[in-house]
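Novice: A single structure is presented below for examination.
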Amino acid sequence: MDEALATKLRILADAAKYDASCSSSGAPKRAAGKDGLGSTTGAGICHAYTPDGRCISLLKILLTNWCLFDCAYCVNRRSSNVRRAKFTVEEVVNLTVNFYKRNYIEGLFLSSGIIKSPDHTMELLTRVAKSLRRDHGFAGYIHLKSIPEASPWLIEEAGLYADRLSINVELPTEASLGRLAPEKDGAAIQGAMAQIGERILEAKAERRRFSPAGHSTQVIVGADDTTDAALIAKSENLYGSVGLKRVYYSAFSPIPDGSQILPLKPPPLAREHRLYQADWLLRYYEFSAEEVASASEGGMLALDIDPKLAWALKNRDKFPVDVNKADREMLLRVPGLGARAVDKIVKARKHTTLRLDDVARLTSSLKRARPFLVAADHRPVGLIDRGDLRTRLVEPAEQLSLF
């Protein structure tokens, strides 16, 4: 690789690091034909650990960090004093193919600043994916960032070649966008997301290809005064109204020469983690955003305990629940019981009466579940009413896990 291209790669890979929404979970399994290259396995990609423990990767870059917009929170904003670079379509295609052949990557995550116009930028992004698929027979994973102001037909074409499309909502309210990104239109962003969602549903019904791994978005946490409750309510709205696959939460990071209207310090990373846990409750534990918010203080999730435990402590009158009788919805609300453990409990109790040791074999978090459960040989008399129960169940500082 020549020095000029290597310099571009350093600049544009670093510029892409702020985008968290690059997991490929949900992509269809696919292998290249005889003269092609690449494959997908359905596992998540982006320097991430998959459920089976493998670490796999994407080439994660911007096409360019030049941008027409001047969003206050973005290091690549128009007025930012950063080194600029721009790849050609051919350079991105060749980097992807050559890195794949060297076994460095398994796919491509491509975003961009807005150059010339939204349509021009979207056309360039789509040309990369189109060339990889058609000219090189590339069957690996491709994730394209869509430009919300681009023409619908350009986004339609992008979905033919990308495994996943995404549009970053960035900030959850129109007020925040108006203050920090006045050139962006929240209604246009959500409209474009709705369009992608509709096309995905239509393609599934018609058994044709269009962004088969779904679409996602990212929201910045801590750049404004939006509460966690409002963030989760926004996510619930997006899941229901535009059919998102995932909402990603990215803690605001102070940037060089940042605007005076931005915070001087980033939010605690634990806040980002708690938002992901709350989002998990929406998607897999049948919680509503209102239920999650009811366990917060002033709209902010507790940092020392996870949101499911916070909800349980606020609703002690609903516990303990009997593992042999309670319905699935209530078992999902027991701290320490994951969705898989609950399904195993529901299945096992059809054939036997469960004891505490049986539950212990189904979850690694029995300590947290004990005060909230009744089993054939266990009744937590008085535990649920203990004043120090919260203190006893607080996670160690180094351990941040999902339920």
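Every chain in the structure tokens takes a letter, A first, then B, and so on in the order presented; its residues are numbered from 1, and the ligands are numbered from 1 following the presented order.
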Which residues, written as a VMD selection string, have at least one atom at most 10 Å from Thr353 of chain A, with only C-alpha atoms counted and residues fewer than 5 positions away on the same chain left out?
Specialist: chain A and resid 323 to 325 348 358 375 to 377
Novice: From a backbone DSSP assignment, name each residue in segment 204-379 of chain A labelled alpha helix (DSSP H), as a PyMOL selection string.
Specialist: chain A and resi 204-206+228-242+269-284+289-294+307-314+328-331+339-348+356-360+366-369
Novice: Take the selection from the previous step and output its residues with C-alpha atoms, as a PDB file, in the first residue's frame.
Specialist:
ATOM      1  CA  LYS A 204     -39.608 -10.211   2.722  1.00  0.00           C
ATOM      2  CA  ALA A 205     -43.201 -10.614   1.560  1.00  0.00           C
ATOM      3  CA  GLU A 206     -42.094 -10.794  -2.079  1.00  0.00           C
ATOM      4  CA  ASP A 228     -32.612   8.124  29.928  1.00  0.00           C
ATOM      5  CA  ALA A 229     -36.388   7.757  30.128  1.00  0.00           C
ATOM      6  CA  ALA A 230     -36.782   9.965  27.046  1.00  0.00           C
ATOM      7  CA  LEU A 231     -34.075   8.034  25.185  1.00  0.00           C
ATOM      8  CA  ILE A 232     -35.769   4.709  25.876  1.00  0.00           C
ATOM      9  CA  ALA A 233     -39.168   6.149  24.911  1.00  0.00           C
ATOM     10  CA  LYS A 234     -37.648   7.281  21.609  1.00  0.00           C
ATOM     11  CA  SER A 235     -36.209   3.809  21.016  1.00  0.00           C
ATOM     12  CA  GLU A 236     -39.565   2.166  21.734  1.00  0.00           C
ATOM     13  CA  ASN A 237     -41.186   4.525  19.237  1.00  0.00           C
ATOM     14  CA  LEU A 238     -38.601   3.703  16.550  1.00  0.00           C
ATOM     15  CA  TYR A 239     -38.872  -0.048  17.090  1.00  0.00           C
ATOM     16  CA  GLY A 240     -42.635   0.172  16.732  1.00  0.00           C
ATOM     17  CA  SER A 241     -42.993   2.772  13.994  1.00  0.00           C
ATOM     18  CA  VAL A 242     -40.149   2.026  11.555  1.00  0.00           C
ATOM     19  CA  LEU A 269     -19.737   4.811  30.509  1.00  0.00           C
ATOM     20  CA  ALA A 270     -21.973   2.962  32.952  1.00  0.00           C
ATOM     21  CA  ARG A 271     -24.846   5.127  31.686  1.00  0.00           C
ATOM     22  CA  GLU A 272     -24.384   3.811  28.151  1.00  0.00           C
ATOM     23  CA  HIS A 273     -24.312   0.256  29.525  1.00  0.00           C
ATOM     24  CA  ARG A 274     -27.534   0.755  31.504  1.00  0.00           C
ATOM     25  CA  LEU A 275     -29.253   2.104  28.384  1.00  0.00           C
ATOM     26  CA  TYR A 276     -28.274  -1.022  26.472  1.00  0.00           C
ATOM     27  CA  GLN A 277     -29.696  -3.127  29.308  1.00  0.00           C
ATOM     28  CA  ALA A 278     -32.927  -1.107  29.261  1.00  0.00           C
ATOM     29  CA  ASP A 279     -33.102  -1.517  25.482  1.00  0.00           C
ATOM     30  CA  TRP A 280     -32.670  -5.272  25.993  1.00  0.00           C
ATOM     31  CA  LEU A 281     -35.701  -5.192  28.307  1.00  0.00           C
ATOM     32  CA  LEU A 282     -37.768  -3.627  25.514  1.00  0.00           C
ATOM     33  CA  ARG A 283     -36.698  -6.123  22.885  1.00  0.00           C
ATOM     34  CA  TYR A 284     -36.498  -9.419  24.788  1.00  0.00           C
ATOM     35  CA  ALA A 289     -40.570   2.132  28.045  1.00  0.00           C
ATOM     36  CA  GLU A 290     -42.994   3.390  30.677  1.00  0.00           C
ATOM     37  CA  GLU A 291     -42.132   0.466  32.970  1.00  0.00           C
ATOM     38  CA  VAL A 292     -38.409   1.103  32.560  1.00  0.00           C
ATOM     39  CA  ALA A 293     -38.912   4.808  33.266  1.00  0.00           C
ATOM     40  CA  SER A 294     -40.946   4.050  36.397  1.00  0.00           C
ATOM     41  CA  PRO A 307     -32.784  -1.488  35.257  1.00  0.00           C
ATOM     42  CA  LYS A 308     -34.527  -4.831  35.779  1.00  0.00           C
ATOM     43  CA  LEU A 309     -33.336  -5.014  39.373  1.00  0.00           C
ATOM     44  CA  ALA A 310     -34.305  -1.366  39.840  1.00  0.00           C
ATOM     45  CA  TRP A 311     -37.822  -2.189  38.602  1.00  0.00           C
ATOM     46  CA  ALA A 312     -38.090  -5.206  40.898  1.00  0.00           C
ATOM     47  CA  LEU A 313     -37.039  -3.174  43.926  1.00  0.00           C
ATOM     48  CA  LYS A 314     -39.639  -0.524  43.064  1.00  0.00           C
ATOM     49  CA  ARG A 328     -43.608 -16.294  31.578  1.00  0.00           C
ATOM     50  CA  GLU A 329     -44.127 -12.530  31.597  1.00  0.00           C
ATOM     51  CA  MET A 330     -43.633 -12.354  35.358  1.00  0.00           C
ATOM     52  CA  LEU A 331     -40.657 -14.719  35.356  1.00  0.00           C
ATOM     53  CA  ALA A 339     -34.897 -14.989  28.715  1.00  0.00           C
ATOM     54  CA  ARG A 340     -33.323 -18.371  27.883  1.00  0.00           C
ATOM     55  CA  ALA A 341     -33.385 -19.444  31.518  1.00  0.00           C
ATOM     56  CA  VAL A 342     -37.065 -18.504  31.740  1.00  0.00           C
ATOM     57  CA  ASP A 343     -37.900 -20.546  28.652  1.00  0.00           C
ATOM     58  CA  LYS A 344     -36.045 -23.527  30.111  1.00  0.00           C
ATOM     59  CA  ILE A 345     -37.929 -23.140  33.395  1.00  0.00           C
ATOM     60  CA  VAL A 346     -41.297 -23.029  31.612  1.00  0.00           C
ATOM     61  CA  LYS A 347     -40.372 -26.147  29.643  1.00  0.00           C
ATOM     62  CA  ALA A 348     -38.900 -28.095  32.590  1.00  0.00           C
ATOM     63  CA  LEU A 356     -33.832 -24.200  43.957  1.00  0.00           C
ATOM     64  CA  ASP A 357     -30.985 -26.429  42.770  1.00  0.00           C
ATOM     65  CA  ASP A 358     -32.845 -26.945  39.501  1.00  0.00           C
ATOM     66  CA  VAL A 359     -33.054 -23.176  39.003  1.00  0.00           C
ATOM     67  CA  ALA A 360     -29.358 -22.850  39.844  1.00  0.00           C
ATOM     68  CA  LEU A 366     -29.028 -17.320  41.452  1.00  0.00           C
ATOM     69  CA  LYS A 367     -27.791 -14.946  44.182  1.00  0.00           C
ATOM     70  CA  ARG A 368     -29.743 -12.102  42.588  1.00  0.00           C
ATOM     71  CA  ALA A 369     -32.813 -14.249  41.904  1.00  0.00           C
TER      72      ALA A 369
END
Novice: Give me the residues near Pro182 of chain A as a PDB file with N, CA and C atoms, in the first residue's frame, where near means some atom within 9 Å (using only C-alpha atoms) and where sequence neighbours in that chain fewer than 6 positions away do not count.
Specialist:
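Output below, filename selection_15.pdb:
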ATOM      1  N   ASP A  70     -22.552  21.207   9.827  1.00  0.00           N
ATOM      2  CA  ASP A  70     -21.735  21.736  10.921  1.00  0.00           C
ATOM      3  C   ASP A  70     -22.340  21.358  12.270  1.00  0.00           C
ATOM      4  N   CYS A  71     -22.619  20.073  12.445  1.00  0.00           N
ATOM      5  CA  CYS A  71     -23.214  19.570  13.685  1.00  0.00           C
ATOM      6  C   CYS A  71     -22.223  19.754  14.837  1.00  0.00           C
ATOM      7  N   SER A 176     -33.191  19.225  20.528  1.00  0.00           N
ATOM      8  CA  SER A 176     -31.755  18.973  20.562  1.00  0.00           C
ATOM      9  C   SER A 176     -31.141  19.112  19.174  1.00  0.00           C
TER      10      SER A 176
END
Novice: With distances taken over only C-alpha atoms, which of A:Leu63, A:Leu171, A:Cys74, A:Leu389 is nearest to Gln190 of chain A?
Specialist: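 Checking each of A:Leu63, A:Leu171, A:Cys74, A:Leu389 against Gln190 of chain A, counting only C-alpha atoms, the winner is A:Leu171.
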Novice: Which residue, A:Val93, A:Leu68, A:Ile142, A:Leu201, has the smallest gap to Ile115 of chain A when you use only C-alpha atoms?
Specialist: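 Closest to Ile115 of chain A of all the choices is A:Leu68.
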Novice: What's the 12 Å shell around Pro380 of chain A, counting only C-alpha atoms, without same-chain residues fewer than 6 positions away, as a list in words?
Specialist: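 Near neighbours after the sequence-gap exclusion: Phe319, Pro320, Val321, Asp322, Leu356, Lys367, Ala369, Arg370, Pro371, Phe372, Leu373, Val374 and Arg386 of chain A.
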Novice: Just write the chosen residues, N, CA and C atoms, as a compact mmCIF listing (two decimals), in the first residue's frame.
Specialist:
# COMPACT_ATOMS: atom_id res chain seq x y z
N PHE A 319 -43.48 -9.57 44.22
CA PHE A 319 -42.58 -10.69 44.49
C PHE A 319 -42.79 -11.20 45.91
N PRO A 320 -42.31 -12.43 46.19
CA PRO A 320 -41.65 -13.37 45.28
C PRO A 320 -42.64 -14.08 44.36
N VAL A 321 -42.14 -14.61 43.25
CA VAL A 321 -42.97 -15.35 42.31
C VAL A 321 -42.57 -16.82 42.32
N ASP A 322 -43.52 -17.67 42.08
CA ASP A 322 -43.30 -19.11 42.14
C ASP A 322 -42.83 -19.63 40.78
N LEU A 356 -34.79 -25.29 44.14
CA LEU A 356 -33.83 -24.20 43.96
C LEU A 356 -32.59 -24.67 43.22
N LYS A 367 -27.86 -15.85 43.02
CA LYS A 367 -27.79 -14.95 44.18
C LYS A 367 -28.78 -13.80 44.03
N ALA A 369 -31.44 -13.78 42.07
CA ALA A 369 -32.81 -14.25 41.90
C ALA A 369 -33.45 -14.74 43.21
N ARG A 370 -32.64 -15.24 44.13
CA ARG A 370 -33.16 -15.89 45.35
C ARG A 370 -34.22 -15.08 46.09
N PRO A 371 -33.99 -13.78 46.36
CA PRO A 371 -35.01 -13.05 47.14
C PRO A 371 -36.35 -12.90 46.42
N PHE A 372 -36.36 -13.13 45.12
CA PHE A 372 -37.56 -12.86 44.33
C PHE A 372 -38.29 -14.12 43.89
N LEU A 373 -37.78 -15.29 44.31
CA LEU A 373 -38.32 -16.57 43.83
C LEU A 373 -38.85 -17.46 44.95
N VAL A 374 -39.88 -18.20 44.60
CA VAL A 374 -40.36 -19.31 45.42
C VAL A 374 -40.15 -20.59 44.62
N ARG A 386 -36.28 -6.62 53.08
CA ARG A 386 -35.07 -6.12 53.74
C ARG A 386 -34.70 -4.73 53.24
Novice: Grab the atom CA of Ala150 of chain A to atom CA of Ile189 of chain A distance for me, in Å with one decimal place.
Specialist: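 Result for atom CA of Ala150 of chain A versus atom CA of Ile189 of chain A: 10.3 Å, one decimal.
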Novice: Go through A:Glu202, A:Ala129, A:Gly299, A:Asp224 one by one, measure the shortest atom-to-atom distance of each to Pro266 of chain A using only C-alpha atoms, and give the residue with the smallest value.
Specialist: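 Under the stated criterion, the closest residue is A:Asp224.
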Novice: May I ask which of the residues A:Tyr18, A:Phe99, A:Tyr104, A:Tyr248 is the closest one to Val75 of chain A, counting only C-alpha atoms?
Specialist: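 The answer is A:Tyr18, which sits nearest to Val75 of chain A.
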Novice: Hey, what's within 10 Å of Ala192 of chain A if we count only C-alpha atoms and toss same-chain stuff fewer than 4 positions away? As a ChimeraX atom specification, please?
Specialist: /A:146-152,155,166-167,186-188,196-198,242
Novice: Would you put the residues from that selection into a file with N, CA and C atoms, as a PDB file, in the first residue's frame?
Specialist:
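Final file, selection.pdb:
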ATOM      1  N   SER A 146     -26.976   5.190   5.268  1.00  0.00           N
ATOM      2  CA  SER A 146     -27.837   5.888   4.310  1.00  0.00           C
ATOM      3  C   SER A 146     -27.892   7.372   4.638  1.00  0.00           C
ATOM      4  N   ILE A 147     -28.048   8.181   3.623  1.00  0.00           N
ATOM      5  CA  ILE A 147     -28.147   9.621   3.794  1.00  0.00           C
ATOM      6  C   ILE A 147     -29.625   9.991   3.760  1.00  0.00           C
ATOM      7  N   PRO A 148     -30.184  10.466   4.876  1.00  0.00           N
ATOM      8  CA  PRO A 148     -31.637  10.647   4.932  1.00  0.00           C
ATOM      9  C   PRO A 148     -32.194  11.620   3.912  1.00  0.00           C
ATOM     10  N   GLU A 149     -31.406  12.621   3.510  1.00  0.00           N
ATOM     11  CA  GLU A 149     -31.906  13.601   2.546  1.00  0.00           C
ATOM     12  C   GLU A 149     -31.754  13.130   1.099  1.00  0.00           C
ATOM     13  N   ALA A 150     -31.170  11.940   0.877  1.00  0.00           N
ATOM     14  CA  ALA A 150     -30.965  11.432  -0.482  1.00  0.00           C
ATOM     15  C   ALA A 150     -32.293  11.002  -1.108  1.00  0.00           C
ATOM     16  N   SER A 151     -32.309  10.962  -2.423  1.00  0.00           N
ATOM     17  CA  SER A 151     -33.509  10.554  -3.147  1.00  0.00           C
ATOM     18  C   SER A 151     -33.897   9.117  -2.795  1.00  0.00           C
ATOM     19  N   PRO A 152     -35.170   8.847  -2.644  1.00  0.00           N
ATOM     20  CA  PRO A 152     -35.618   7.497  -2.285  1.00  0.00           C
ATOM     21  C   PRO A 152     -35.103   6.418  -3.233  1.00  0.00           C
ATOM     22  N   ILE A 155     -31.630   5.238  -2.211  1.00  0.00           N
ATOM     23  CA  ILE A 155     -31.654   4.352  -1.046  1.00  0.00           C
ATOM     24  C   ILE A 155     -32.198   2.986  -1.441  1.00  0.00           C
ATOM     25  N   SER A 166     -28.369   1.808   7.554  1.00  0.00           N
ATOM     26  CA  SER A 166     -28.658   2.496   8.810  1.00  0.00           C
ATOM     27  C   SER A 166     -28.633   3.990   8.603  1.00  0.00           C
ATOM     28  N   ILE A 167     -29.446   4.680   9.377  1.00  0.00           N
ATOM     29  CA  ILE A 167     -29.478   6.137   9.408  1.00  0.00           C
ATOM     30  C   ILE A 167     -29.393   6.553  10.866  1.00  0.00           C
ATOM     31  N   GLY A 186     -35.239  16.325  11.717  1.00  0.00           N
ATOM     32  CA  GLY A 186     -35.647  15.098  12.388  1.00  0.00           C
ATOM     33  C   GLY A 186     -36.757  14.369  11.661  1.00  0.00           C
ATOM     34  N   ALA A 187     -37.702  15.125  11.096  1.00  0.00           N
ATOM     35  CA  ALA A 187     -38.811  14.498  10.366  1.00  0.00           C
ATOM     36  C   ALA A 187     -38.302  13.790   9.118  1.00  0.00           C
ATOM     37  N   ALA A 188     -37.324  14.405   8.435  1.00  0.00           N
ATOM     38  CA  ALA A 188     -36.760  13.777   7.242  1.00  0.00           C
ATOM     39  C   ALA A 188     -36.000  12.507   7.600  1.00  0.00           C
ATOM     40  N   ILE A 196     -37.187   2.852   4.555  1.00  0.00           N
ATOM     41  CA  ILE A 196     -36.366   1.633   4.551  1.00  0.00           C
ATOM     42  C   ILE A 196     -37.120   0.491   5.206  1.00  0.00           C
ATOM     43  N   GLY A 197     -37.775   0.780   6.342  1.00  0.00           N
ATOM     44  CA  GLY A 197     -38.538  -0.265   7.022  1.00  0.00           C
ATOM     45  C   GLY A 197     -39.625  -0.856   6.151  1.00  0.00           C
ATOM     46  N   GLU A 198     -40.328  -0.005   5.417  1.00  0.00           N
ATOM     47  CA  GLU A 198     -41.382  -0.483   4.518  1.00  0.00           C
ATOM     48  C   GLU A 198     -40.815  -1.366   3.413  1.00  0.00           C
ATOM     49  N   VAL A 242     -40.924   2.222  12.789  1.00  0.00           N
ATOM     50  CA  VAL A 242     -40.149   2.026  11.555  1.00  0.00           C
ATOM     51  C   VAL A 242     -39.478   0.657  11.491  1.00  0.00           C
TER      52      VAL A 242
END
Novice: Considering only C-alpha atoms, state which residue in the set A:Asp2, A:Asp317, A:Asp327, A:Glu106 is at the smallest distance from Ala139 of chain A.
Specialist: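 Nearest candidate to Ala139 of chain A out of A:Asp2, A:Asp317, A:Asp327, A:Glu106: A:Glu106.
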Novice: Could you tell me, as JSON, numbers by chain, which residues of segment 48-143 of chain A DSSP assigns to strand (DSSP E or B) when given the backbone?
Specialist: {"A": [48, 49, 55, 56, 59, 60, 61, 62, 64, 86, 107, 108, 109, 110, 111, 138, 141, 142, 143]}
